[in-house]
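Peer 1: Pasting run_14.txt below, which is compact mmCIF, C-alpha atoms.
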```
# COMPACT_ATOMS: atom_id res chain seq x y z
CA MET K 1 12.86 -0.39 36.56
CA SER K 2 16.14 1.18 37.65
CA GLU K 3 18.65 2.18 35.04
CA CYS K 4 21.69 0.01 34.46
CA SER K 5 24.81 1.63 35.96
CA HIS K 6 27.50 -1.00 35.50
CA ASP K 7 29.54 -2.59 32.72
CA CYS K 8 27.21 -5.12 31.08
CA SER K 9 30.08 -6.78 29.21
CA ASN K 10 31.28 -8.39 32.48
CA CYS K 11 27.85 -9.15 33.87
CA SER K 12 25.34 -11.96 33.47
CA ALA K 13 22.39 -9.96 34.79
CA ASN K 14 19.31 -9.83 32.60
CA CYS K 15 18.87 -6.06 32.80
CA SER K 16 17.05 -3.75 30.39
CA SER K 17 20.22 -2.83 28.50
CA ARG K 18 20.33 -6.36 27.12
CA GLU K 19 16.81 -5.95 25.72
CA GLY K 20 17.04 -2.80 23.68
CA GLY K 21 17.38 -0.46 26.68
CA CYS K 22 20.01 2.16 27.49
CA GLY K 23 23.48 1.14 26.34
CA SER K 24 22.17 -1.52 23.96
CA SER K 25 23.34 -1.72 20.38
CA GLN K 26 19.91 -3.05 19.37
CA SER K 27 17.78 -0.37 17.73
CA PRO K 28 13.95 -0.40 17.47
CA GLU K 29 14.30 -0.98 13.73
CA SER K 30 15.66 -4.46 14.42
CA PHE K 31 12.08 -5.56 15.17
CA LEU K 32 10.89 -4.64 11.68
CA GLU K 33 9.80 -7.54 9.50
CA LYS K 34 10.34 -7.70 5.76
CA PRO K 35 7.28 -8.10 3.54
CA HIS K 36 6.93 -11.12 1.27
CA ARG K 37 9.68 -11.27 -1.34
CA LEU K 38 7.09 -10.77 -4.11
CA SER K 39 5.68 -7.63 -2.46
CA GLU K 40 6.81 -4.09 -3.19
CA ILE K 41 5.04 -1.72 -0.79
CA LYS K 42 6.06 1.93 -1.06
CA LYS K 43 4.12 3.62 1.78
CA VAL K 44 2.26 2.25 4.81
CA ILE K 45 -0.37 4.41 6.51
CA GLY K 46 -1.90 3.33 9.82
CA VAL K 47 -5.49 4.35 10.61
CA VAL K 48 -5.97 4.50 14.38
CA SER K 49 -8.49 5.54 17.01
CA GLY K 50 -8.44 5.81 20.76
CA LYS K 51 -11.86 4.15 21.10
CA GLY K 52 -14.15 1.94 19.05
CA GLY K 53 -17.23 2.97 17.11
CA VAL K 54 -15.87 6.17 15.56
CA GLY K 55 -15.75 4.93 11.95
CA LYS K 56 -12.08 3.97 11.67
CA SER K 57 -12.74 1.12 9.22
CA MET K 58 -14.97 3.42 7.18
CA VAL K 59 -12.20 6.02 6.91
CA THR K 60 -9.67 3.30 6.04
CA SER K 61 -11.89 2.08 3.20
CA MET K 62 -12.61 5.58 1.91
CA MET K 63 -8.93 6.54 1.95
CA ALA K 64 -8.00 3.41 -0.04
CA VAL K 65 -10.75 4.19 -2.55
CA THR K 66 -9.69 7.85 -2.78
CA MET K 67 -6.04 7.03 -3.48
CA ASN K 68 -7.11 4.35 -5.95
CA ARG K 69 -9.15 6.95 -7.84
CA ARG K 70 -6.09 9.18 -7.98
CA GLY K 71 -4.31 6.51 -9.99
CA TYR K 72 -2.36 4.83 -7.20
CA ARG K 73 -2.46 1.14 -6.40
CA SER K 74 -3.83 0.85 -2.88
CA ALA K 75 -4.30 -2.05 -0.46
CA ILE K 76 -5.82 -2.64 2.97
CA LEU K 77 -4.35 -4.78 5.73
CA ASP K 78 -7.18 -5.36 8.21
CA ALA K 79 -5.40 -5.58 11.56
CA ASP K 80 -8.66 -5.42 13.52
CA ILE K 81 -8.66 -9.19 13.94
CA THR K 82 -11.52 -9.50 16.42
CA GLY K 83 -13.73 -6.93 14.69
CA PRO K 84 -13.04 -7.19 10.94
CA SER K 85 -15.43 -5.17 8.79
CA ILE K 86 -13.41 -4.27 5.68
CA PRO K 87 -14.57 -7.26 3.53
CA LYS K 88 -18.23 -6.42 4.26
CA MET K 89 -17.80 -2.81 3.10
CA PHE K 90 -16.37 -3.95 -0.22
CA GLY K 91 -18.84 -6.78 -0.71
CA LEU K 92 -16.11 -9.43 -0.76
CA THR K 93 -17.41 -12.99 -0.73
CA ASP K 94 -14.40 -14.88 -2.11
CA LYS K 95 -11.97 -16.36 0.38
CA ALA K 96 -8.22 -15.78 0.35
CA THR K 97 -6.18 -18.59 -1.18
CA ALA K 98 -2.67 -19.85 -0.49
CA ASP K 99 -0.02 -22.13 -1.92
CA GLU K 100 3.59 -22.96 -1.15
CA ILE K 101 4.63 -19.46 -2.23
CA GLY K 102 2.36 -17.49 0.08
CA ILE K 103 -1.14 -16.13 0.75
CA TYR K 104 -2.99 -14.17 -1.92
CA PRO K 105 -5.13 -11.15 -0.96
CA VAL K 106 -8.63 -10.76 -2.36
CA GLY K 107 -9.11 -7.98 -4.90
CA THR K 108 -12.09 -5.63 -4.82
CA LYS K 109 -14.06 -4.53 -7.89
CA THR K 110 -11.56 -1.73 -8.52
CA ASP K 111 -8.57 -3.96 -7.73
CA ILE K 112 -7.80 -2.85 -4.18
CA GLY K 113 -5.99 -5.72 -2.47
CA VAL K 114 -7.51 -6.74 0.88
CA MET K 115 -6.39 -9.17 3.58
CA SER K 116 -8.62 -9.75 6.60
CA VAL K 117 -9.21 -12.63 8.97
CA ASN K 118 -12.78 -12.85 7.65
CA LEU K 119 -11.31 -13.86 4.29
CA LEU K 120 -9.84 -16.92 6.01
CA LEU K 121 -12.78 -17.99 8.20
CA GLU K 122 -15.30 -20.51 6.95
CA ASN K 123 -18.19 -18.28 8.07
CA ASP K 124 -18.04 -14.50 8.39
CA THR K 125 -19.88 -14.64 11.70
CA ASP K 126 -17.41 -17.06 13.33
CA PRO K 127 -15.86 -15.30 16.36
CA VAL K 128 -12.09 -14.98 16.65
CA VAL K 129 -11.47 -16.12 20.23
CA TRP K 130 -7.69 -15.77 20.36
CA ARG K 131 -5.30 -14.43 22.97
CA GLY K 132 -3.26 -11.29 22.31
CA PRO K 133 0.00 -12.93 21.16
CA VAL K 134 -1.87 -15.09 18.62
CA ILE K 135 -3.72 -12.07 17.24
CA ALA K 136 -0.47 -10.10 17.00
CA GLY K 137 1.15 -13.04 15.21
CA ALA K 138 -1.67 -13.15 12.66
CA VAL K 139 -1.23 -9.45 11.90
CA LYS K 140 2.49 -9.98 11.40
CA GLN K 141 1.77 -12.84 8.99
CA PHE K 142 -0.54 -10.58 6.97
CA TRP K 143 2.58 -8.48 6.34
CA THR K 144 5.21 -11.19 5.86
CA ASP K 145 3.29 -14.03 4.18
CA VAL K 146 0.82 -12.24 1.93
CA ILE K 147 1.83 -11.63 -1.69
CA TRP K 148 0.70 -8.02 -2.05
CA GLY K 149 2.50 -7.33 -5.31
CA ASP K 150 3.19 -3.69 -6.20
CA VAL K 151 1.42 -1.31 -3.81
CA ASP K 152 1.76 2.48 -3.67
CA PHE K 153 -0.24 3.01 -0.48
CA MET K 154 -1.16 0.34 2.05
CA PHE K 155 -3.69 1.35 4.71
CA VAL K 156 -3.62 -0.61 7.96
CA ASP K 157 -6.95 -0.67 9.78
CA MET K 158 -5.86 -0.99 13.41
CA PRO K 159 -8.00 -2.04 16.36
CA PRO K 160 -8.87 0.79 18.78
CA GLY K 161 -6.63 1.63 21.70
CA THR K 162 -2.93 1.14 22.39
CA GLY K 163 -2.69 -2.59 23.10
CA ASP K 164 -0.86 -5.61 21.67
CA VAL K 165 -1.87 -5.27 18.03
CA PRO K 166 -1.13 -1.55 17.50
CA LEU K 167 2.23 -2.12 19.23
CA THR K 168 2.95 -5.10 16.97
CA VAL K 169 2.08 -3.05 13.88
CA PHE K 170 4.32 -0.15 14.89
CA GLN K 171 7.23 -2.45 15.78
CA SER K 172 6.94 -4.97 12.95
CA ILE K 173 5.73 -2.93 9.98
CA PRO K 174 7.50 0.20 8.67
CA VAL K 175 4.60 2.61 9.17
CA ASP K 176 5.25 5.93 7.40
CA GLY K 177 2.48 7.88 9.11
CA ILE K 178 -0.87 7.59 10.85
CA ILE K 179 -4.34 9.08 10.48
CA VAL K 180 -6.26 9.51 13.75
CA VAL K 181 -10.04 9.04 13.58
CA THR K 182 -12.29 10.49 16.26
CA SER K 183 -15.76 11.93 16.94
CA PRO K 184 -16.99 15.26 18.40
CA GLN K 185 -17.52 14.21 22.04
CA GLU K 186 -15.80 15.99 24.93
CA LEU K 187 -13.51 13.00 25.54
CA VAL K 188 -11.79 13.67 22.22
CA SER K 189 -8.75 15.45 23.66
CA MET K 190 -7.81 12.61 26.00
CA ILE K 191 -8.47 9.88 23.42
CA VAL K 192 -6.59 11.62 20.62
CA GLY K 193 -3.77 12.36 23.05
CA LYS K 194 -3.24 8.67 23.76
CA ALA K 195 -3.04 7.81 20.05
CA VAL K 196 -0.72 10.72 19.27
CA LYS K 197 1.61 9.97 22.18
CA MET K 198 1.87 6.30 21.20
CA ALA K 199 2.77 7.33 17.66
CA ASP K 200 5.35 9.72 19.08
CA LEU K 201 6.88 6.93 21.18
CA MET K 202 7.18 4.83 18.03
CA ASN K 203 8.62 7.78 16.03
CA VAL K 204 5.73 7.71 13.56
CA PRO K 205 4.39 11.08 12.29
CA VAL K 206 0.70 11.96 12.53
CA LEU K 207 -0.49 12.96 9.05
CA GLY K 208 -3.84 14.31 10.16
CA ILE K 209 -7.03 13.81 12.10
CA VAL K 210 -10.49 12.90 10.81
CA GLU K 211 -13.52 13.89 12.85
CA ASN K 212 -16.25 11.49 11.83
CA MET K 213 -19.97 12.12 12.50
CA SER K 214 -19.09 15.79 12.82
CA TYR K 215 -22.55 17.04 11.86
CA PHE K 216 -25.77 16.12 10.05
CA GLU K 217 -26.86 18.21 7.08
CA CYS K 218 -30.62 18.47 6.68
CA PRO K 219 -31.57 17.30 3.16
CA ASP K 220 -34.48 19.80 3.06
CA CYS K 221 -33.01 23.08 4.31
CA GLY K 222 -29.28 22.34 4.13
CA LYS K 223 -28.71 23.42 7.73
CA LYS K 224 -25.94 21.61 9.63
CA HIS K 225 -26.95 20.13 12.98
CA LYS K 226 -24.27 19.25 15.57
CA ILE K 227 -25.95 16.11 16.93
CA TYR K 228 -22.99 15.15 19.14
CA GLY K 229 -22.37 18.69 20.33
CA GLU K 230 -19.97 21.39 19.22
CA SER K 231 -16.74 20.23 17.65
CA HIS K 232 -13.49 20.71 19.57
CA ILE K 233 -11.31 19.27 16.86
CA GLU K 234 -9.60 22.57 16.00
CA GLU K 235 -8.43 23.04 19.59
CA VAL K 236 -7.33 19.43 19.92
CA ALA K 237 -5.40 19.55 16.65
CA LYS K 238 -3.67 22.76 17.73
CA GLU K 239 -2.80 21.23 21.12
CA TYR K 240 -1.00 18.31 19.50
CA GLY K 241 0.42 20.17 16.50
CA ILE K 242 -1.74 18.39 13.91
CA LYS K 243 -2.19 20.52 10.80
CA VAL K 244 -4.50 18.50 8.54
CA ILE K 245 -8.13 18.13 9.62
CA SER K 246 -11.04 16.49 7.82
CA GLN K 247 -14.62 16.58 9.05
CA LEU K 248 -17.10 14.01 7.79
CA PRO K 249 -20.89 14.33 8.23
CA ILE K 250 -23.34 11.70 9.39
CA ASP K 251 -24.51 10.33 6.04
CA PRO K 252 -27.15 7.58 5.90
CA LYS K 253 -26.24 6.95 2.25
CA LEU K 254 -22.64 6.16 3.23
CA ALA K 255 -23.82 3.76 5.92
CA ALA K 256 -26.11 2.08 3.39
CA ALA K 257 -23.25 1.76 0.88
CA ALA K 258 -21.06 0.11 3.52
CA ASP K 259 -23.85 -2.31 4.45
CA LYS K 260 -24.42 -3.23 0.80
CA GLY K 261 -20.71 -3.63 0.07
CA THR K 262 -20.63 -0.79 -2.45
CA ILE K 263 -18.24 1.60 -0.70
CA GLU K 264 -16.24 1.88 -3.93
CA LEU K 265 -19.18 3.59 -5.65
CA PHE K 266 -19.59 6.25 -2.97
CA ASP K 267 -18.39 9.84 -3.32
CA THR K 268 -15.52 10.22 -0.84
CA ALA K 269 -15.85 14.02 -0.59
CA GLY K 270 -14.46 15.40 2.64
CA LEU K 271 -11.17 13.51 2.59
CA GLU K 272 -9.44 15.48 -0.18
CA ASN K 273 -7.02 17.32 2.13
CA MET K 274 -6.23 14.08 3.98
CA ALA K 275 -5.51 12.40 0.64
CA ASP K 276 -3.24 15.34 -0.25
CA ALA K 277 -1.31 14.83 3.00
CA VAL K 278 -0.92 11.11 2.27
CA GLU K 279 0.12 11.83 -1.31
CA LYS K 280 2.84 14.20 -0.15
```
Could I get this file's structure written as structure tokens?
Peer 2:
Amino acid sequence: MSECSHDCSNCSANCSSREGGCGSSQSPESFLEKPHRLSEIKKVIGVVSGKGGVGKSMVTSMMAVTMNRRGYRSAILDADITGPSIPKMFGLTDKATADEIGIYPVGTKTDIGVMSVNLLLENDTDPVVWRGPVIAGAVKQFWTDVIWGDVDFMFVDMPPGTGDVPLTVFQSIPVDGIIVVTSPQELVSMIVGKAVKMADLMNVPVLGIVENMSYFECPDCGKKHKIYGESHIEEVAKEYGIKVISQLPIDPKLAAAADKGTIELFDTAGLENMADAVEK
């Protein structure tokens, strides 16, 4: 699109400067939505990934548990509408309720507030066959209509990629920083680059990067095996100026805890430095 070069005050053209472009008085912040009037949310942390299947929801859950153990009140907004897995990890079976005031999140065993589309569906296995704008609208409602109460750290589990929903989150919710989740494959640099550049476009800082499935530690000899190949996370982090790095092993016990809904009982070792970055 060509840049506007005339005086828009005397023009009826629908050019970009009337829609937040160059010369417009409308700032990106004007898209931000306010949370429910009974919600007081201090910090919002987005958890993102460039591709699916890297353990983003797992990291989101573990970060919420870690901050909860440090004495903060944490919450999770599950923005992965078509692939919600947060309720399963926490063993949530109750459904969210609502009244004329708003929607109430479901609390976990350690009182982490959770809102996910699976808490609204009659059956957990019901597919969400919605178009992009409807999905984005649902995510926005999770922010504006849910009565979160007092929250120190809210973690937003975003769907993979850079599509409608991540854009809606960045534009509608005041995200204070993001955590990028990835795996050791060679494609890491390109995938992380997309996530980091989107965050940069939205003026949101990257707090750190988590490399999931980084290695497998043999329970007998203690040797670490790089099942997915050598890690390139140090080079990638340096390339994009990311200082905080966490590496998580392949742990069958963690997978079992997630399947059983007992993620809150699991030792979240490996995310201490990421929790420090969030805390600061």
Peer 1: So, counting only C-alpha atoms, which residue among K:Val54, K:Ala64, K:Val59, K:Cys221 is closest to Val192 in chain K?
Peer 2: K:Val54
Peer 1: Could you tell me how far CA of Gly161 in chain K sits from CA of Ile112 in chain K, in Å to one decimal place?
Peer 2: 26.3 Å
Peer 1: Measuring atom to atom with all atoms listed in the file, identify which of K:Gln185, K:Thr108, K:Asn118, K:Gln247 is nearest to Gly208 in chain K.
Peer 2: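 Nearest to Gly208 in chain K: K:Gln247.
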Peer 1: Here's a test: counting all atoms listed in the file, identify every protein, DNA and RNA residue with an atom at most 9 Å from (-9.8, 21.5, 13.8) in the file's coordinate frame, and state them as an MDAnalysis selection string.
Peer 2: chainID K and resid 209 211 231:238 242:247
Peer 1: Which of these, K:Pro249, K:Pro166, K:Ala257, K:Met63, has the shortest distance to Asp276 in chain K once you count all atoms listed in the file?
Peer 2: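 Smallest separation from Asp276 in chain K among the options: K:Met63.
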Peer 1: Find the spatial neighbours of Val146 in chain K, counting only C-alpha atoms, within a cut-off of 10 Å - ignore same-chain residues fewer than 3 positions away - and output them as a tab-separated table (two decimals) with C-alpha atoms, in the coordinates of the input.
Peer 2:
```tsv
chain	number	residue	atom	x	y	z
K	35	PRO	CA	7.28	-8.10	3.54
K	36	HIS	CA	6.93	-11.12	1.27
K	37	ARG	CA	9.68	-11.27	-1.34
K	38	LEU	CA	7.09	-10.77	-4.11
K	39	SER	CA	5.68	-7.63	-2.46
K	77	LEU	CA	-4.35	-4.78	5.73
K	96	ALA	CA	-8.22	-15.78	0.35
K	97	THR	CA	-6.18	-18.59	-1.18
K	98	ALA	CA	-2.67	-19.85	-0.49
K	101	ILE	CA	4.63	-19.46	-2.23
K	102	GLY	CA	2.36	-17.49	0.08
K	103	ILE	CA	-1.14	-16.13	0.75
K	104	TYR	CA	-2.99	-14.17	-1.92
K	105	PRO	CA	-5.13	-11.15	-0.96
K	115	MET	CA	-6.39	-9.17	3.58
K	140	LYS	CA	2.49	-9.98	11.40
K	141	GLN	CA	1.77	-12.84	8.99
K	142	PHE	CA	-0.54	-10.58	6.97
K	143	TRP	CA	2.58	-8.48	6.34
K	149	GLY	CA	2.50	-7.33	-5.31
```
Peer 1: Smallest atom-to-atom distance to Thr82 in chain K: which of K:Asp94, K:Asp157, K:Glu217, K:Asp152, using only C-alpha atoms?
Peer 2: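 The answer is K:Asp157, which sits nearest to Thr82 in chain K.
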Peer 1: For a quick check of your reading of the model, name the residues lying within 8 Å of the coordinate (-1.5, 1.3, -4.0), counting only C-alpha atoms, and write them as a PyMOL selection string.
Peer 2: chain K and resi 41+64+67-68+72-75+112+150-154
Peer 1: What is the distance between CA of Pro252 in chain K and CA of Gly107 in chain K, in Å to one decimal?
Peer 2: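 Those two atoms sit 26.2 Å apart.
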Peer 1: Which one of K:Phe90, K:Gly241, K:Lys43, K:Ile81 sits closest to Leu121 in chain K if you count only C-alpha atoms?
Peer 2: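 Closest to Leu121 in chain K of all the choices is K:Ile81.
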Peer 1: So, counting only C-alpha atoms, which residue among K:Pro184, K:Phe31, K:Val165, K:Phe216 is closest to Arg131 in chain K?
Peer 2: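 The shortest atom-to-atom distance to Arg131 in chain K comes from K:Val165.
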Peer 1: Could you jot down the CA of Pro205 in chain K to CA of Gly177 in chain K separation for me, Å, one decimal place?
Peer 2: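 CA of Pro205 in chain K sits 4.9 Å away from CA of Gly177 in chain K.
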Peer 1: For Ser85 in chain K, work out the shell of residues within 7 Å, counting only C-alpha atoms and skipping chain neighbours fewer than 3 positions away, then give it as a ChimeraX atom specification.
Peer 2: /K:57,88-89
Peer 1: Would you output that residue set with C-alpha atoms, as a PDB file, in the frame of the given file?
Peer 2:
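Result went into again_30.pdb, see below:
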```pdb
ATOM      1  CA  SER K  57     -12.740   1.120   9.220  1.00  0.00           C
ATOM      2  CA  LYS K  88     -18.230  -6.420   4.260  1.00  0.00           C
ATOM      3  CA  MET K  89     -17.800  -2.810   3.100  1.00  0.00           C
TER       4      MET K  89
END
```
Peer 1: Quick one: residues within 12 Å of Asp164 in chain K, all atoms listed in the file counted, chain neighbours fewer than 5 positions away excluded, as an MDAnalysis selection string?
Peer 2: chainID K and resid 79:81 131:140 158:159 169:172
Peer 1: Can you write out the residues you just picked, keeping C-alpha atoms, as an mmCIF file, in the coordinates of the input?
Peer 2:
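The resulting file, part_15.cif, is reproduced below:
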```
data_model
loop_
_atom_site.group_PDB
_atom_site.id
_atom_site.type_symbol
_atom_site.label_atom_id
_atom_site.label_comp_id
_atom_site.auth_asym_id
_atom_site.auth_seq_id
_atom_site.Cartn_x
_atom_site.Cartn_y
_atom_site.Cartn_z
ATOM 1 C CA ALA K 79 -5.400 -5.580 11.560
ATOM 2 C CA ASP K 80 -8.660 -5.420 13.520
ATOM 3 C CA ILE K 81 -8.660 -9.190 13.940
ATOM 4 C CA ARG K 131 -5.300 -14.430 22.970
ATOM 5 C CA GLY K 132 -3.260 -11.290 22.310
ATOM 6 C CA PRO K 133 0.000 -12.930 21.160
ATOM 7 C CA VAL K 134 -1.870 -15.090 18.620
ATOM 8 C CA ILE K 135 -3.720 -12.070 17.240
ATOM 9 C CA ALA K 136 -0.470 -10.100 17.000
ATOM 10 C CA GLY K 137 1.150 -13.040 15.210
ATOM 11 C CA ALA K 138 -1.670 -13.150 12.660
ATOM 12 C CA VAL K 139 -1.230 -9.450 11.900
ATOM 13 C CA LYS K 140 2.490 -9.980 11.400
ATOM 14 C CA MET K 158 -5.860 -0.990 13.410
ATOM 15 C CA PRO K 159 -8.000 -2.040 16.360
ATOM 16 C CA VAL K 169 2.080 -3.050 13.880
ATOM 17 C CA PHE K 170 4.320 -0.150 14.890
ATOM 18 C CA GLN K 171 7.230 -2.450 15.780
ATOM 19 C CA SER K 172 6.940 -4.970 12.950
#
```
Peer 1: What are the centre and the three edge lengths of an axis-aligned box that wraps all atoms of range 158-169 of chain K in the file, given that 6 Å is added to every side, written as lines of an AutoDock Vina configuration file and rounded to one decimal in Å?
Peer 2:
```
center_x = -3.0
center_y = -2.0
center_z = 18.3
size_x = 23.8
size_y = 19.2
size_z = 21.7
```
Peer 1: Can you pull out the residues contacting Lys51 in chain K? Cut-off 10 Å, using all atoms listed in the file, and skip same-chain residues under 2 positions away; I want them as a list in words.
Peer 2: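 Residues meeting the cut-off are Val48, Ser49, Gly53, Val54, Gly55, Lys56, Pro159, Pro160, Gly161, Thr162, Val181, Thr182, Ser183, Val188, Ile191, Val192 and Ala195 of chain K.
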Peer 1: Skipping near chain neighbours, those fewer than 6 positions away, what residues fall within 12 Å of Asn203 in chain K using all atoms listed in the file, listed as a list in words?
Peer 2: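 Result of the neighbour search: Pro28, Glu29, Phe170, Gln171, Pro174, Val175, Asp176, Gly177, Ile178, Val196 and Lys197 of chain K.
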